[in-house]
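J.: Just passing along the structure, written as structure tokens.
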Amino acid sequence: MAPSEDPDAESRANPADVQADVQADASREPSQSDATTVCPRCGGMTNDDGVCAACAPQLQPPPRQALYRLARFARPRLGLILWGTALMVLSTAAGLVPPYIIGPFYDQVLEPLDAGKRVPTGLAAWYLGWLGGAAVAAWLLSWARNDALCRASELISADLRNHTYAHLQRLSLEFFGGQRTGDLISRVSSDTDRICSFLSADALDFITDALLILCTAGLLVWINPPLAIVTLAPLIPIAWLVQKLRGRLRHGFARGTTAWGDMVSVLADTIPGIRVVKAFAQESREVERFARANQVVLDANNRVNRLWSFFGPLVTFLTECGGLVIWGCGVWLIVRGDVRVAVLLQFVAYIGRFYTRLESMSRILASTQRAGAAAHRIFEILDRQPSVPEPTSPRDPGRLAGAVELRGVRFRYGKREVLHGIDLRIEPGEMLGLVGASGAGKSTLVNLVCRFYDVSHGAILADGVDIREYPVEAYRRNIGIVLQEPFLFYGTIAENIAYGRPDASREEIVAAARAAHAHAFILRLPDGYDSLVGERGQALSGGERQRISIARALLTDPRILILDEATSAVDTETEREIQAALDTLVQGRTTIAIAHRLSTLRKANRIAVVAAGELVEIGPHDELLARQGAYFRLHQAQMKLANQIGIG
């Protein structure tokens with residue numbers, strides 16, 4: 001769905017809101033077909049979800065293959081897996097010993113006793129010892145097996161979570177613009193947890209059951225082939241049922257996991273915005289919205305459960321019928337003299353385990369399909385490639401001097417070109433103001449300078465080198481951003497100031513806070529620099545959050561500074577304090593300042609006017625006023641509005 005037009009979107013450069021900023025750079029609300037972009041793999045056009053029709057079949061394998069792809073995450077744990085597998089074979093073998101001993105135990109102990117003959121006590125004790133020893137050995141081996149393989153599955157799942165989260169961090173902002181936060185959280189947390197549960201429990205049981213069934217089937221055929229054929233007969237209808245239900249279960253669980261992600265998205269939307277919910281008295285509406293999302297989850301799960309509730313009892317019924325057939329055939333063969341009673345007892349003991357494991361394997365079908373759907377959603381993330389690629393032959397930017405040049409820069413968002421041939425050079429240490437109406441292209445321009453996106457045509461140079469030749473992370477270390485609505489992470493004030501430089505000393509943190517005019521209010525807090533700011537910094541005022549964000553930028557000492565309406569959302573007194581902090585911040589740095597209030601650009605060396613994606617005017621404040629062009633009209637309109645407010 002294309003996002004609605006936001007008249008204030010151009011005044012932000014928050015990475016989380018970049019997608020909305022770019023879409024607001026057009027003069028009209030984008031249509032569904034506009035919400036497309038270029039596929040980084042083939043150069044074709046993607047849809048509004050960022051999916052390329054040409055590459056999708058290659059990038060997204062069917063869910064039944066997703067579990068097999070987890071094997072690459074198992075390679076680092078291969079030693080532990082092989083050890084657990086060896087223990088599994090030994091525990092399975094130990095579990096097959098007691099039923100086999102029942103035959104000779106009956107022939108040499110029970111049958112003579114039943115006929116009134118005397119049996120040596122030692123012989124009975126010897127057989128009972130074997131039965132008890134096999135049971136103890138099977139228990140100890142199973143315990144060691146479970147410990148090894150469960151540790152391996154937890155390690156694999158942890159690796160999968162780390163790899164998925166690290167890949168998310170490498171993806172470009174285009175990807176996040178088309179995703180819901182709650183759905184991504186659900187994939188990294190809930191879906192990986194489902195995979196972990198499958199690997200640590202269900203997959204382990206499945207392999208153990210399969211191994212035991214194969215070994216048992218081989219023993220039954222070796223003991224008595226005709227009776228073994230009767231025993232294995234229920235496998236045919238069960239296998240047919242599994243084949244019929246597998247696809248329906250897979251699609252059902254896929255719907256369920258998607259619905260779960262949508263429900264988590266409602267939580268991720270509502271909880272951070274709880275103040276707005278309460279301010280507009282929309283609690284009941286949000287409760288209903290969550291209930292609707294929860295109902296979708298319930299309906300999806302109910303459809304799967306109805307199907308599964310039929311399959312499970314049917315498998316049990318077939319195995320019970322198989323047991324009755326075994327008894328009937330066994331008695332008939334005993335009457336004919338073809339089978340001894342001891343052999344029938346062996347078969348009965350084995351089929352008890354055989355059918356129990358068979359029922360257990362059939363129940364694993366559901367968890368396998370559920371884990372397959374979860375793995376498919378994980379690989380949908382892992383198969384995405386960043387649209388801002390790393391250079392093949394990177395050049396180390398080191399510490400840039402700060403010269404920025406735009407040469408014929410054009411930028412397309414989908415089918416719309418939102419910047420049209422921008423040519424601009426900013427000298428090291430120069431402060432350039434960017435002004436223009438909302439949607440003119442200001443935020444798009446600075447997003448390209450930050451390389452949140454790559455230009456569609458032309459080039460952006462930093463110190464004379466195309467920024468696409470620099471490693472993304474190394475280049476961005478030279479850039480600092482102060483946003484209109486600063487984002488603080490949950491943690492202490494000191495941790496937030498040092499976010500860009502986690503190794504900074506307390507003295508450096510305090511020095512940055514002093515320069516940002518934040519030291520005084522920080523000391524008034526109960527725990528000073530160790531005070532918790534709350535989630536997203538809600539424990540602080542807007543002006544306090546802004547000064548902390550300025551201190552954060554100061555501590556990283558960037559060579560290129562982006563100011564995006566840094567004083568527009570505060571009162572006049574706070575604006576003066578923030579402006580004083582900004583005056584310190586911009587010293588000696590190349591600065592690009594976006595502003596709607598032209599008064600905030602009084603210290604800019606030059607001012608560039610952007611209109612409809614084009615650079616229409618550039619020059620010092622006085623010179624632009626003298627031209628009486630676009631900048632003059634903006635200035636006059638603001639002066640008139642200020643006078644009207646003053647009169648009011």
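By convention here, the chains of the structure tokens are called A, B, ... in the order presented, each chain's residues are numbered starting at 1, and ligands are numbered starting at 1 in the order presented.
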Using only C-alpha atoms, which residues sit within 12 Å of region 324-334 of chain A once same-chain residues fewer than 3 positions away are excluded, as a PyMOL selection string?

T.: chain A and resi 224+226-234+317-321+337-352+355

J.: Give me a file of those residues, with C-alpha atoms, as a JSON list (two decimals), in the first residue's frame.

T.:
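selection12.json was written with the following content:
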```json
[["chain", "number", "residue", "atom", "x", "y", "z"],
["A", 224, "ASN", "CA", 9.61, -63.63, 10.20],
["A", 226, "PRO", "CA", 5.33, -62.90, 6.28],
["A", 227, "LEU", "CA", 4.40, -61.52, 9.68],
["A", 228, "ALA", "CA", 6.62, -58.46, 9.02],
["A", 229, "ILE", "CA", 4.68, -57.64, 5.85],
["A", 230, "VAL", "CA", 1.43, -57.61, 7.83],
["A", 231, "THR", "CA", 3.07, -55.42, 10.49],
["A", 232, "LEU", "CA", 4.29, -52.84, 7.96],
["A", 233, "ALA", "CA", 0.98, -52.66, 6.06],
["A", 234, "PRO", "CA", -0.35, -49.48, 7.85],
["A", 317, "PHE", "CA", -6.91, -45.86, 14.38],
["A", 318, "LEU", "CA", -4.85, -47.36, 11.55],
["A", 319, "THR", "CA", -2.07, -48.46, 13.91],
["A", 320, "GLU", "CA", -4.58, -50.05, 16.29],
["A", 321, "CYS", "CA", -6.10, -51.91, 13.36],
["A", 337, "GLY", "CA", 2.57, -74.45, 13.47],
["A", 338, "ASP", "CA", 4.37, -71.90, 11.27],
["A", 339, "VAL", "CA", 5.23, -69.52, 14.15],
["A", 340, "ARG", "CA", 6.23, -70.14, 17.75],
["A", 341, "VAL", "CA", 4.62, -68.23, 20.62],
["A", 342, "ALA", "CA", 7.99, -66.64, 21.43],
["A", 343, "VAL", "CA", 8.18, -65.12, 17.94],
["A", 344, "LEU", "CA", 4.69, -63.64, 18.29],
["A", 345, "LEU", "CA", 5.66, -62.14, 21.64],
["A", 346, "GLN", "CA", 8.73, -60.60, 20.04],
["A", 347, "PHE", "CA", 6.58, -59.12, 17.29],
["A", 348, "VAL", "CA", 4.06, -57.74, 19.77],
["A", 349, "ALA", "CA", 6.85, -56.10, 21.78],
["A", 350, "TYR", "CA", 8.41, -54.60, 18.66],
["A", 351, "ILE", "CA", 5.19, -53.38, 17.08],
["A", 352, "GLY", "CA", 4.27, -51.62, 20.32],
["A", 355, "TYR", "CA", 3.48, -48.05, 16.02]]
```

J.: Within 7 Å of Val482 (chain A), counting only C-alpha atoms, which residues show up once you throw out same-chain ones fewer than 3 positions away? Write them as a list of chain:residue names, please.

T.: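 Skipping anything fewer than 3 positions along the chain leaves A:Pro486, A:Ser549, A:Ile550, A:Ile562, A:Leu563, A:Asp564, A:Ala566.
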
J.: Could you please determine the separation between CA of Ile493 (chain A) and CA of Arg399 (chain A) in Å, to one decimal place?

T.: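 One can read the CA of Ile493 (chain A) to CA of Arg399 (chain A) distance as 27.2 Å.
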
J.: Compile the contact shell of His163 (chain A) as a PDB file with N, CA and C atoms, in the first residue's frame: residues with an atom at most 12 Å away, counting only C-alpha atoms, same-chain residues fewer than 2 positions apart removed.

T.:
```pdb
ATOM      1  N   LEU A  70      18.788 -24.544   5.981  1.00  0.00           N
ATOM      2  CA  LEU A  70      19.349 -24.320   7.312  1.00  0.00           C
ATOM      3  C   LEU A  70      20.636 -25.111   7.527  1.00  0.00           C
ATOM      4  N   ARG A  72      23.418 -24.966   6.121  1.00  0.00           N
ATOM      5  CA  ARG A  72      24.668 -24.187   6.134  1.00  0.00           C
ATOM      6  C   ARG A  72      24.934 -23.577   7.496  1.00  0.00           C
ATOM      7  N   PHE A  73      23.879 -23.366   8.286  1.00  0.00           N
ATOM      8  CA  PHE A  73      24.079 -22.870   9.644  1.00  0.00           C
ATOM      9  C   PHE A  73      24.498 -24.001  10.588  1.00  0.00           C
ATOM     10  N   ILE A 156      22.723 -23.374  16.673  1.00  0.00           N
ATOM     11  CA  ILE A 156      22.318 -23.092  15.295  1.00  0.00           C
ATOM     12  C   ILE A 156      21.279 -21.980  15.264  1.00  0.00           C
ATOM     13  N   SER A 157      20.300 -22.037  16.160  1.00  0.00           N
ATOM     14  CA  SER A 157      19.260 -21.008  16.204  1.00  0.00           C
ATOM     15  C   SER A 157      19.839 -19.651  16.582  1.00  0.00           C
ATOM     16  N   ALA A 158      20.783 -19.642  17.532  1.00  0.00           N
ATOM     17  CA  ALA A 158      21.416 -18.376  17.904  1.00  0.00           C
ATOM     18  C   ALA A 158      22.198 -17.801  16.725  1.00  0.00           C
ATOM     19  N   ASP A 159      22.905 -18.675  15.987  1.00  0.00           N
ATOM     20  CA  ASP A 159      23.619 -18.216  14.793  1.00  0.00           C
ATOM     21  C   ASP A 159      22.645 -17.651  13.766  1.00  0.00           C
ATOM     22  N   LEU A 160      21.500 -18.303  13.609  1.00  0.00           N
ATOM     23  CA  LEU A 160      20.490 -17.842  12.650  1.00  0.00           C
ATOM     24  C   LEU A 160      19.949 -16.474  13.044  1.00  0.00           C
ATOM     25  N   ARG A 161      19.665 -16.283  14.350  1.00  0.00           N
ATOM     26  CA  ARG A 161      19.185 -14.968  14.802  1.00  0.00           C
ATOM     27  C   ARG A 161      20.242 -13.894  14.571  1.00  0.00           C
ATOM     28  N   TYR A 165      19.747 -10.756  11.997  1.00  0.00           N
ATOM     29  CA  TYR A 165      19.780  -9.374  12.476  1.00  0.00           C
ATOM     30  C   TYR A 165      20.920  -8.597  11.819  1.00  0.00           C
ATOM     31  N   ALA A 166      22.079  -9.250  11.681  1.00  0.00           N
ATOM     32  CA  ALA A 166      23.207  -8.582  11.019  1.00  0.00           C
ATOM     33  C   ALA A 166      22.867  -8.267   9.567  1.00  0.00           C
ATOM     34  N   HIS A 167      22.152  -9.171   8.895  1.00  0.00           N
ATOM     35  CA  HIS A 167      21.763  -8.914   7.506  1.00  0.00           C
ATOM     36  C   HIS A 167      20.759  -7.764   7.434  1.00  0.00           C
ATOM     37  N   LEU A 168      19.854  -7.698   8.399  1.00  0.00           N
ATOM     38  CA  LEU A 168      18.917  -6.568   8.436  1.00  0.00           C
ATOM     39  C   LEU A 168      19.667  -5.247   8.539  1.00  0.00           C
ATOM     40  N   GLN A 169      20.726  -5.219   9.339  1.00  0.00           N
ATOM     41  CA  GLN A 169      21.493  -3.992   9.497  1.00  0.00           C
ATOM     42  C   GLN A 169      22.180  -3.590   8.191  1.00  0.00           C
ATOM     43  N   ARG A 170      22.498  -4.557   7.349  1.00  0.00           N
ATOM     44  CA  ARG A 170      23.176  -4.249   6.093  1.00  0.00           C
ATOM     45  C   ARG A 170      22.213  -3.834   4.989  1.00  0.00           C
ATOM     46  N   VAL A 188      12.475 -12.243  13.367  1.00  0.00           N
ATOM     47  CA  VAL A 188      13.749 -12.451  14.054  1.00  0.00           C
ATOM     48  C   VAL A 188      13.557 -13.179  15.374  1.00  0.00           C
ATOM     49  N   THR A 192      12.384 -17.562  14.459  1.00  0.00           N
ATOM     50  CA  THR A 192      13.599 -18.295  14.833  1.00  0.00           C
ATOM     51  C   THR A 192      13.342 -19.178  16.048  1.00  0.00           C
ATOM     52  N   ILE A 378      12.248 -16.324   7.203  1.00  0.00           N
ATOM     53  CA  ILE A 378      13.603 -15.876   7.528  1.00  0.00           C
ATOM     54  C   ILE A 378      14.421 -15.689   6.256  1.00  0.00           C
ATOM     55  N   PHE A 379      14.313 -16.648   5.330  1.00  0.00           N
ATOM     56  CA  PHE A 379      15.108 -16.557   4.108  1.00  0.00           C
ATOM     57  C   PHE A 379      14.587 -15.488   3.159  1.00  0.00           C
ATOM     58  N   ILE A 381      14.150 -12.586   4.172  1.00  0.00           N
ATOM     59  CA  ILE A 381      15.029 -11.476   4.580  1.00  0.00           C
ATOM     60  C   ILE A 381      16.447 -11.725   4.092  1.00  0.00           C
ATOM     61  N   LEU A 382      16.961 -12.933   4.333  1.00  0.00           N
ATOM     62  CA  LEU A 382      18.355 -13.220   4.005  1.00  0.00           C
ATOM     63  C   LEU A 382      18.623 -13.165   2.504  1.00  0.00           C
ATOM     64  N   ASP A 383      17.588 -13.370   1.681  1.00  0.00           N
ATOM     65  CA  ASP A 383      17.775 -13.344   0.236  1.00  0.00           C
ATOM     66  C   ASP A 383      17.721 -11.933  -0.343  1.00  0.00           C
TER      67      ASP A 383
END
```

J.: How far is it from CA of Pro471 (chain A) to CA of Cys450 (chain A), in Å with one decimal?

T.: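 Rounded to one decimal, the two atoms are 12.3 Å apart.
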